[in-house]
$ cat data36.txt   # compact mmCIF, C-alpha atoms and all ligand atoms
# COMPACT_ATOMS: atom_id res chain seq x y z
CA MET K 114 41.08 78.82 85.79
CA ASN K 115 39.47 82.24 86.00
CA ASN K 116 40.97 85.44 84.58
CA LEU K 117 42.45 86.45 87.88
CA THR K 118 44.73 83.45 87.91
CA SER K 119 45.62 83.19 84.27
CA SER K 120 49.03 84.68 85.07
CA LEU K 121 50.95 83.90 88.25
CA GLU K 122 52.73 87.23 88.10
CA PHE K 123 49.55 89.17 87.56
CA SER K 124 47.75 88.11 90.71
CA HIS K 125 50.55 87.73 93.19
CA PHE K 126 52.02 90.21 95.67
CA PRO K 127 54.85 88.80 97.81
CA VAL K 128 53.93 89.81 101.36
CA MET K 129 56.29 92.19 103.24
CA LEU K 130 58.92 91.82 100.53
CA ASN K 131 60.92 94.91 101.56
CA GLU K 132 61.04 93.92 105.22
CA VAL K 133 62.01 90.34 104.28
CA LEU K 134 64.81 91.47 101.95
CA LYS K 135 66.23 93.81 104.56
CA ILE K 136 66.59 90.96 107.08
CA LEU K 137 67.89 88.31 104.74
CA SER K 138 70.46 90.64 103.11
CA PRO K 139 71.04 88.76 99.82
CA SER K 140 74.06 90.94 98.97
CA SER K 141 76.07 89.36 101.77
CA SER K 142 74.50 85.88 102.06
CA GLU K 143 74.77 82.91 99.73
CA LYS K 144 72.63 79.88 100.54
CA PHE K 145 68.86 80.27 100.85
CA ILE K 146 65.93 77.92 101.29
CA ASP K 147 62.55 79.30 100.22
CA CYS K 148 60.22 76.78 101.89
CA THR K 149 57.06 78.23 100.34
CA PHE K 150 57.89 79.10 96.73
CA GLY K 151 54.30 80.00 95.67
CA GLY K 152 54.53 82.54 92.85
CA GLY K 153 58.28 82.74 93.49
CA GLY K 154 58.12 86.33 94.75
CA TYR K 155 60.95 85.97 97.29
CA SER K 156 63.10 83.56 95.23
CA LYS K 157 63.07 85.89 92.22
CA GLU K 158 64.23 88.86 94.29
CA ILE K 159 67.00 86.86 96.00
CA LEU K 160 68.26 85.53 92.66
CA LYS K 161 68.79 89.09 91.41
CA PHE K 162 71.92 89.06 93.62
CA SER K 163 74.61 87.24 91.69
CA LYS K 164 76.21 85.23 94.51
CA THR K 165 73.01 83.67 95.78
CA ASN K 166 72.00 80.02 95.58
CA VAL K 167 68.36 79.14 96.20
CA LEU K 168 66.67 75.85 97.00
CA ALA K 169 62.91 76.36 96.73
CA ILE K 170 60.18 73.97 97.73
CA ASP K 171 56.41 73.92 97.51
CA ARG K 172 53.88 71.13 97.94
CA ASP K 173 51.71 72.46 95.10
CA LYS K 174 52.48 71.06 91.66
CA LYS K 175 50.72 74.07 90.09
CA VAL K 176 53.82 76.19 90.77
CA LEU K 177 56.05 73.87 88.72
CA ALA K 178 55.81 75.90 85.50
CA GLU K 179 57.01 79.07 87.23
CA ALA K 180 59.78 77.15 89.04
CA LYS K 181 60.96 75.57 85.77
CA LYS K 182 61.34 79.03 84.24
CA LEU K 183 63.65 80.03 87.07
CA GLU K 184 65.62 76.75 86.80
CA LYS K 185 66.18 77.59 83.14
CA LYS K 186 67.16 81.17 83.84
CA TYR K 187 69.52 80.29 86.73
CA PRO K 188 70.64 76.67 86.06
CA LYS K 189 73.49 76.79 88.57
CA ARG K 190 71.82 78.84 91.27
CA PHE K 191 68.21 77.70 91.53
CA LYS K 192 66.68 74.30 92.20
CA PHE K 193 63.04 73.45 92.91
CA HIS K 194 61.62 70.41 94.74
CA GLN K 195 57.93 69.60 94.96
CA SER K 196 57.84 68.57 98.58
CA LYS K 197 56.35 69.40 101.95
CA PHE K 198 58.58 71.43 104.22
CA SER K 199 58.14 68.86 107.00
CA GLN K 200 60.30 66.66 104.71
CA LEU K 201 63.06 69.24 104.37
CA GLU K 202 65.57 67.02 106.13
CA ALA K 203 65.62 64.60 103.18
CA ILE K 204 66.86 67.27 100.75
CA PRO K 205 70.67 67.53 100.67
CA PHE K 206 71.22 71.28 101.06
CA ASP K 207 72.85 72.20 104.37
CA ASN K 208 74.75 74.88 106.21
CA VAL K 209 72.50 77.58 104.83
CA ASP K 210 72.43 81.33 105.54
CA VAL K 211 68.66 81.84 105.47
CA VAL K 212 65.49 79.78 105.58
CA ILE K 213 62.24 81.53 104.87
CA PHE K 214 58.60 80.51 105.32
CA ASP K 215 55.60 82.49 104.04
CA LEU K 216 52.81 80.38 105.46
CA GLY K 217 49.32 79.59 104.29
CA LEU K 218 47.73 79.93 100.89
CA SER K 219 48.96 81.93 97.95
CA SER K 220 46.49 84.24 96.24
CA ILE K 221 46.94 81.95 93.22
CA GLN K 222 45.46 79.07 95.22
CA LEU K 223 42.71 81.11 96.83
CA ASP K 224 41.65 82.78 93.60
CA ASN K 225 41.44 79.52 91.68
CA PHE K 226 37.85 78.62 92.58
CA ASP K 227 38.25 75.06 91.24
CA ARG K 228 40.33 74.25 94.31
CA GLY K 229 37.46 74.87 96.70
CA PHE K 230 39.35 77.04 99.21
CA SER K 231 37.00 79.99 98.95
CA PHE K 232 33.51 80.19 100.39
CA LYS K 233 32.73 82.52 97.49
CA SER K 234 33.08 79.64 95.02
CA ASN K 235 30.54 77.04 94.02
CA LYS K 236 32.90 74.15 93.39
CA GLU K 237 33.56 70.71 94.80
CA LEU K 238 34.94 70.73 98.34
CA ASN K 239 38.64 70.09 98.06
CA MET K 240 41.09 72.51 99.79
CA THR K 241 44.20 70.42 99.12
CA MET K 242 47.45 72.33 98.61
CA GLY K 243 49.21 69.28 97.19
CA LEU K 244 50.69 65.95 98.39
CA ASN K 245 47.64 65.39 100.61
CA GLU K 246 46.12 62.22 102.01
CA ILE K 247 42.61 63.65 102.42
CA SER K 248 40.43 66.41 101.00
CA ALA K 249 37.72 68.60 102.53
CA LEU K 250 35.16 66.33 100.84
CA ASP K 251 36.43 63.40 102.96
CA VAL K 252 36.49 65.44 106.15
CA ILE K 253 32.96 66.82 105.76
CA ASN K 254 31.46 63.46 104.77
CA LYS K 255 33.43 61.01 106.92
CA LEU K 256 34.80 62.56 110.11
CA LYS K 257 32.87 61.59 113.26
CA GLU K 258 30.81 64.36 114.88
CA PRO K 259 32.96 64.87 118.02
CA ASP K 260 36.13 65.04 115.92
CA LEU K 261 34.55 67.42 113.42
CA LYS K 262 33.46 69.64 116.29
CA GLN K 263 36.99 69.69 117.75
CA VAL K 264 38.55 70.52 114.38
CA ILE K 265 36.17 73.45 113.83
CA LYS K 266 36.45 74.67 117.41
CA ILE K 267 40.21 74.38 117.88
CA LEU K 268 41.61 75.05 114.41
CA GLY K 269 38.99 77.67 113.56
CA ASP K 270 38.46 79.16 117.02
CA GLU K 271 34.74 78.89 116.20
CA LYS K 272 32.42 79.26 119.23
CA GLU K 273 29.47 77.72 117.41
CA ALA K 274 31.41 74.61 116.34
CA SER K 275 29.03 72.24 118.11
CA LYS K 276 25.97 73.38 116.18
CA ILE K 277 27.85 73.50 112.86
CA ALA K 278 29.21 69.95 113.30
CA LYS K 279 25.76 68.66 114.28
CA ASN K 280 24.12 70.24 111.23
CA ILE K 281 26.81 68.88 108.90
CA ILE K 282 26.12 65.37 110.22
CA ASN K 283 22.33 65.84 109.85
CA HIS K 284 22.73 66.96 106.26
CA ARG K 285 25.17 64.26 105.21
CA ASN K 286 22.92 61.59 106.71
CA THR K 287 20.38 62.44 104.04
CA LYS K 288 22.69 63.42 101.15
CA LYS K 289 26.43 63.64 100.55
CA ILE K 290 27.72 67.23 100.91
CA LYS K 291 29.66 67.89 97.72
CA ASN K 292 30.08 71.59 97.03
CA THR K 293 31.36 74.65 98.85
CA ASN K 294 28.03 76.45 98.56
CA GLU K 295 26.20 73.55 100.27
CA LEU K 296 28.61 73.85 103.19
CA VAL K 297 28.19 77.63 103.22
CA ARG K 298 24.42 77.21 103.56
CA ILE K 299 24.79 74.76 106.45
CA ILE K 300 27.17 77.09 108.30
CA GLU K 301 24.93 80.12 107.75
CA GLN K 302 21.90 78.20 109.04
CA SER K 303 23.87 77.03 112.11
CA LYS K 304 25.21 80.38 113.23
CA LYS K 305 23.40 83.08 115.16
CA LYS K 306 23.08 86.24 113.10
CA ASN K 307 25.65 88.77 114.20
CA ASN K 308 25.26 91.97 112.26
CA LEU K 309 28.15 93.59 114.09
CA SER K 310 30.72 91.01 113.05
CA LYS K 311 32.94 92.14 110.21
CA ILE K 312 33.99 88.64 109.23
CA ASN K 313 32.02 86.28 107.04
CA PRO K 314 30.24 83.57 109.11
CA CYS K 315 32.07 80.87 107.09
CA THR K 316 35.61 82.20 107.54
CA LYS K 317 36.47 80.25 110.70
CA THR K 318 35.05 76.90 109.60
CA PHE K 319 36.74 77.15 106.20
CA GLN K 320 40.03 78.05 107.90
CA ALA K 321 39.74 75.06 110.25
CA LEU K 322 39.04 72.65 107.39
CA ARG K 323 41.92 73.96 105.32
CA ILE K 324 44.35 73.63 108.24
CA PHE K 325 43.14 70.10 109.00
CA VAL K 326 43.17 68.89 105.37
CA ASN K 327 46.73 70.13 104.89
CA LYS K 328 47.94 69.29 108.43
CA GLU K 329 49.32 72.80 108.61
CA ILE K 330 50.26 72.80 112.29
CA THR K 331 52.15 69.50 112.02
CA GLU K 332 53.87 70.85 108.91
CA LEU K 333 54.85 74.05 110.71
CA ILE K 334 56.26 72.32 113.80
CA TYR K 335 58.39 69.78 111.90
CA GLY K 336 59.23 72.31 109.19
CA ILE K 337 60.76 74.83 111.59
CA ILE K 338 62.68 72.14 113.46
CA HIS K 339 64.26 70.77 110.26
CA ALA K 340 64.89 74.26 108.92
CA THR K 341 66.76 75.18 112.10
CA LYS K 342 68.92 72.07 111.71
CA LYS K 343 69.89 73.23 108.19
CA LEU K 344 71.08 76.69 109.33
CA LYS K 345 74.72 77.49 109.82
CA PRO K 346 75.73 79.40 112.99
CA GLY K 347 74.56 82.99 112.53
CA GLY K 348 72.02 81.86 109.89
CA LYS K 349 68.50 83.29 110.01
CA ILE K 350 65.06 81.74 110.05
CA LEU K 351 62.25 84.08 108.93
CA ILE K 352 58.58 83.25 109.15
CA VAL K 353 55.59 85.21 107.86
CA SER K 354 52.45 83.86 109.52
CA PHE K 355 48.78 84.72 109.33
CA HIS K 356 46.93 83.31 112.31
CA SER K 357 47.28 83.11 116.04
CA ILE K 358 48.01 79.37 116.38
CA GLU K 359 50.96 79.70 114.03
CA ASP K 360 52.25 82.78 115.79
CA ARG K 361 52.02 81.11 119.23
CA ILE K 362 54.11 78.18 118.01
CA ILE K 363 56.74 80.39 116.36
CA LYS K 364 57.01 82.68 119.38
CA TYR K 365 57.33 79.71 121.74
CA PHE K 366 60.03 78.09 119.59
CA PHE K 367 62.12 81.25 119.16
CA THR K 368 61.80 82.30 122.81
CA ASN K 369 62.16 79.00 124.61
CA PHE K 370 65.08 77.70 122.57
CA SER K 371 67.05 80.94 122.62
CA LYS K 372 69.76 82.15 124.93
CA ASN K 373 67.41 84.45 126.82
CA LYS K 374 65.44 81.52 128.24
CA SER K 375 66.61 80.41 131.65
CA ARG K 376 64.48 81.66 134.54
CA PRO K 377 61.28 79.70 135.17
CA SER K 378 59.72 82.28 137.52
CA ARG K 379 60.58 85.72 138.77
CA TYR K 380 59.92 84.52 142.34
CA PHE K 381 62.59 81.84 142.22
CA PRO K 382 66.31 82.12 141.77
CA GLU K 383 67.73 81.04 138.44
CA THR K 384 67.45 77.28 138.78
CA LYS K 385 67.47 76.11 135.19
CA VAL K 386 70.46 77.31 133.27
CA ILE K 387 70.28 76.47 129.59
CA ASP K 388 73.76 75.70 128.37
CA THR K 389 72.85 75.01 124.77
CA ALA K 390 70.35 77.05 122.81
CA LEU K 391 69.34 76.84 119.19
CA PHE K 392 69.04 80.62 118.81
CA GLU K 393 70.84 83.76 119.95
CA GLN K 394 68.98 86.18 122.25
CA TYR K 395 65.47 86.53 120.85
CA LYS K 396 63.95 90.03 120.93
CA ASN K 397 60.31 88.99 120.48
CA ARG K 398 59.90 91.59 117.79
CA ILE K 399 57.01 91.34 115.35
CA LEU K 400 57.17 93.21 112.06
CA ARG K 401 53.91 94.14 110.33
CA PRO K 402 53.11 95.27 106.79
CA SER K 403 53.02 99.01 106.18
CA ASN K 404 49.67 100.80 105.78
CA ASN K 405 50.56 101.29 102.16
CA GLU K 406 51.05 97.55 101.60
CA ILE K 407 47.76 96.76 103.33
CA LYS K 408 46.05 99.32 101.10
CA ASN K 409 47.45 97.67 97.96
CA ASN K 410 47.10 94.07 99.12
CA ASN K 411 44.34 93.56 101.64
CA ARG K 412 45.41 89.95 102.27
CA SER K 413 48.62 91.16 103.88
CA ARG K 414 46.68 92.81 106.73
CA SER K 415 47.10 89.95 109.23
CA ALA K 416 50.71 89.09 108.33
CA LYS K 417 53.29 88.91 111.13
CA LEU K 418 56.97 88.53 110.45
CA ARG K 419 59.30 87.06 113.08
CA PHE K 420 62.90 85.99 112.72
CA ALA K 421 65.58 84.38 114.86
CA ILE K 422 69.32 83.85 114.50
CA ARG K 423 70.90 80.41 114.89
CA SER K 424 73.46 80.22 117.69
CA LYS K 425 76.84 78.47 117.51
CA ASP K 426 75.63 75.66 119.79
CA SER K 427 75.23 72.19 118.35
CA PHE K 428 71.73 71.16 117.28
CA GLU K 429 69.69 69.43 119.96
CA TYR K 430 66.26 68.18 119.01
CA PRO K 431 63.62 70.48 120.60
CA PHE K 432 61.37 67.73 122.02
CA ASP K 433 59.69 70.25 124.28
CA LEU K 434 58.17 72.00 121.25
CA ILE K 435 56.45 68.76 120.23
CA LYS K 436 55.27 68.17 123.79
CA LYS K 437 53.95 71.70 124.21
CA PHE K 438 51.75 71.57 121.08
CA LYS K 439 50.89 67.87 121.22
CA ASN K 440 47.15 68.63 121.32
CA TYR K 441 47.32 70.09 117.80
CA LEU K 442 49.50 67.25 116.51
CA ASP K 443 47.07 64.69 117.93
CA LEU K 444 44.08 66.53 116.47
CA GLU K 445 45.62 66.67 112.98
CA SER K 446 46.49 62.98 113.09
CA ILE K 447 42.89 61.80 113.60
CA ASN K 448 42.03 59.21 110.97
CA VAL K 449 39.34 60.22 108.50
C1 LIG K 501 51.71 82.42 100.82
S1 LIG K 501 52.28 81.37 99.57
C2 LIG K 501 53.94 81.84 99.31
C3 LIG K 501 54.12 82.96 98.37
C4 LIG K 501 55.57 83.27 98.05
N1 LIG K 501 56.29 83.75 99.19
C5 LIG K 501 55.67 84.29 96.94
O1 LIG K 501 56.18 85.39 97.20
O2 LIG K 501 55.26 84.02 95.84
C6 LIG K 501 52.46 79.85 100.39
C7 LIG K 501 52.93 78.71 99.52
O3 LIG K 501 53.43 77.72 100.40
C8 LIG K 501 53.01 76.46 99.97
N2 LIG K 501 52.96 75.61 101.17
C9 LIG K 501 52.11 75.71 102.22
N3 LIG K 501 52.37 74.75 103.11
C10 LIG K 501 53.42 74.05 102.64
C11 LIG K 501 54.16 72.93 103.12
N4 LIG K 501 53.84 72.36 104.28
N5 LIG K 501 55.18 72.47 102.39
C12 LIG K 501 55.51 73.05 101.20
N6 LIG K 501 54.83 74.10 100.69
C13 LIG K 501 53.82 74.59 101.40
C14 LIG K 501 51.66 76.68 99.35
O4 LIG K 501 51.38 75.65 98.42
C15 LIG K 501 51.83 78.05 98.71
O5 LIG K 501 52.20 77.94 97.37

$ encode --input "data36.txt" --output "C-alpha cells"
Amino acid sequence: MNNLTSSLEFSHFPVMLNEVLKILSPSSSEKFIDCTFGGGGYSKEILKFSKTNVLAIDRDKKVLAEAKKLEKKYPKRFKFHQSKFSQLEAIPFDNVDVVIFDLGLSSIQLDNFDRGFSFKSNKELNMTMGLNEISALDVINKLKEPDLKQVIKILGDEKEASKIAKNIINHRNTKKIKNTNELVRIIEQSKKKNNLSKINPCTKTFQALRIFVNKEITELIYGIIHATKKLKPGGKILIVSFHSIEDRIIKYFFTNFSKNKSRPSRYFPETKVIDTALFEQYKNRILRPSNNEIKNNNRSRSAKLRFAIRSKDSFEYPFDLIKKFKNYLDLESINV
C-alpha cells in the first residue's frame, strides 16, 4: 500500500455529501441501505442521527476493517455485509426509507496501485473490486479478438477499439501480457496521436476492462431492481453515477417506471395507460457537484446524482428494463 492509502479517512472524500444528506433527511428517516460502503463516508454521516439504522454492503473485503469499527461503535444500528448489490434480495432488511448507491471505484481502490486499476501504475493487471470470477489478466490474455473489440468499443466508447484489440492479440501471441504498463504501451502504439484530446489515451480502454471484469452494468441493473423492491412507499432511491451508460440506465428506469410515463408518442392519443408504477412522478433532475467540491476533489467532476421516490403501488418486476439493456447484459456475460 502506498502512503496515499495508508489511512482510509485520509484519502477519501464522499462525493456530493451535502446534496445526498439533504435528500435522504436522516433526521426524519430510520432505515437505510448504503449499497456502496467504500470508506463509509455516507454511512458515518447517517449514523450521527440517533434514530437511524444502517445496513451497508460492499463487494471489497478491504473495507472490512473500517466497517468493523462502525459495527463496534454502533452495535445496534449498523451492520455490514460483504456482498454484491445485485444480491441485495438475499439480505433480510426490508421496508426501508432510503437506498443509496455511489457507483464505481473508491479513491482507496484507485490509489492502491497493487490492484491494477490505474494506468499510472506498473503492477499486475487485475482490476477486481472483490467477489469476482475473472480479472483483467484473464480478459487481456484469453478473450477472443471480436469479443475484446466489442468490450473496448461498447463499454469504453473507444473509436479505435479494433486496432487496440488486434494489437493486444498480436502481443499476447508472442508473450503473455502481465502488467498495466505493458497494456499502456500497446494502447499508446495503437492510437492515433491526438494532441488536442485532454484525456489520457488509455482512459477508455481501462474503463471498459474495469466495467467488464466487475460486470458493472449487470450489477447496476439487478441492484436497482432489488433496491426498489426493498423500499417502503415514499422511500427514496439515490444514485451517484460517473459515466454515460450508467446514467442512461438510471434515467430510463426512473422515467419509464414512474407515474409520468404513459404516452408513447405526441402524435397519438394516450393509448397505454400505466396503472401501476414503481415510482412517483419523476422530474428528471440531475444534481451536480458544486465548483468548490470539484476544486477540492477533482474525481467528483463527472458525478451525477439522481433520485426517485417509490410509489404506493405494489412491486411489479420491471422486465422491460432488462429487455432494453440486454445488449450490455449479453456482452458482460461472455465467457472468458
Ligand atoms: C465510490 S465508492 C463508495 C464511496 C462511499 N460512498 C464513501 O463515501 O466512502 C464505491 C464502492 O462501491 C463498491 N462497489 C462497487 N460495485 C459494487 C457492487 N456491485 N456491489 C457491492 N459493492 C460495490 C466498491 O467496492 C467501492 O468500495

$ residues_near_ligand --input "data36.txt" --ligand "ligand LIG 501 (chain K)" --cutoff "6 Å" --atoms "all atoms listed in the file" --output "list in words"
Pro127, Thr149, Phe150, Gly151, Gly152, Gly153, Gly154, Tyr155, Ile170, Asp171, Arg172, Asp173, Ser196, Lys197, Phe198, Asp215, Leu216, Gly217, Leu218, Ser219, Met242 and Glu332 of chain K

$ closest_residue --input "data36.txt" --among "K:Asn327, K:Asn404, K:Ser156, K:Ser199" --to "Thr241 in chain K" --atoms "all atoms listed in the file"
K:Asn327

$ closest_residue --input "data36.txt" --among "K:Leu351, K:Leu268, K:Ile362, K:Ile337" --to "Gln320 in chain K" --atoms "all atoms listed in the file"
K:Leu268

$ residues_around --input "data36.txt" --residues "Lys279 in chain K" --least-positions-apart "5" --cutoff "12 Å" --atoms "all atoms listed in the file" --output "PyMOL selection string"
chain K and resi 253+256-263+265+273-274+284-286+299-300+302-304

$ atom_distance --input "data36.txt" --atom1 "CA of Thr331 in chain K" --atom2 "CA of Lys374 in chain K"
24.2 Å

$ atom_distance --input "data36.txt" --atom1 "CA of Phe355 in chain K" --atom2 "CA of Lys182 in chain K"
28.6 Å

$ atom_distance --input "data36.txt" --atom1 "CA of Ile159 in chain K" --atom2 "CA of Asp147 in chain K"
9.7 Å

$ closest_residue --input "data36.txt" --among "K:Gly348, K:Tyr187, K:Ile282, K:Lys181" --to "Leu160 in chain K" --atoms "only C-alpha atoms"
K:Tyr187

$ closest_residue --input "data36.txt" --among "K:Glu359, K:Tyr430, K:Lys343, K:Phe325" --to "Ile447 in chain K" --atoms "only C-alpha atoms"
K:Phe325

$ closest_atom_pairs --input "data36.txt" --of "range 281-374 of chain K" --to "range 416-428 of chain K" --cutoff "6 Å" --atoms "all atoms listed in the file" --output "JSON lines"
{"residue": "K:Pro346", "atom": "CA", "partner": "K:Lys425", "partner_atom": "CA", "distance": 4.7}
{"residue": "K:Gly347", "atom": "CA", "partner": "K:Arg423", "partner_atom": "CA", "distance": 5.1}
{"residue": "K:Gly348", "atom": "CA", "partner": "K:Arg423", "partner_atom": "CA", "distance": 5.3}
{"residue": "K:Lys349", "atom": "CA", "partner": "K:Ile422", "partner_atom": "CA", "distance": 4.6}
{"residue": "K:Ile350", "atom": "CA", "partner": "K:Phe420", "partner_atom": "CA", "distance": 5.5}
{"residue": "K:Leu351", "atom": "CA", "partner": "K:Phe420", "partner_atom": "CA", "distance": 4.3}
{"residue": "K:Ile352", "atom": "CA", "partner": "K:Arg419", "partner_atom": "CA", "distance": 5.5}
{"residue": "K:Val353", "atom": "CA", "partner": "K:Leu418", "partner_atom": "CA", "distance": 4.4}
{"residue": "K:Ser354", "atom": "CA", "partner": "K:Lys417", "partner_atom": "CA", "distance": 5.4}
{"residue": "K:Phe355", "atom": "CA", "partner": "K:Ala416", "partner_atom": "CA", "distance": 4.9}

$ residues_around --input "data36.txt" --residues "Tyr335 in chain K" --least-positions-apart "5" --cutoff "9 Å" --atoms "all atoms listed in the file" --output "VMD selection string"
chain K and resid 198 to 201 330 340 435

$ closest_residue --input "data36.txt" --among "K:Leu130, K:Val209, K:Ala249, K:Ala178" --to "Ile290 in chain K" --atoms "only C-alpha atoms"
K:Ala249

$ closest_residue --input "data36.txt" --among "K:Asn225, K:Ser231, K:Ser142, K:Asn208" --to "Lys175 in chain K" --atoms "only C-alpha atoms"
K:Asn225
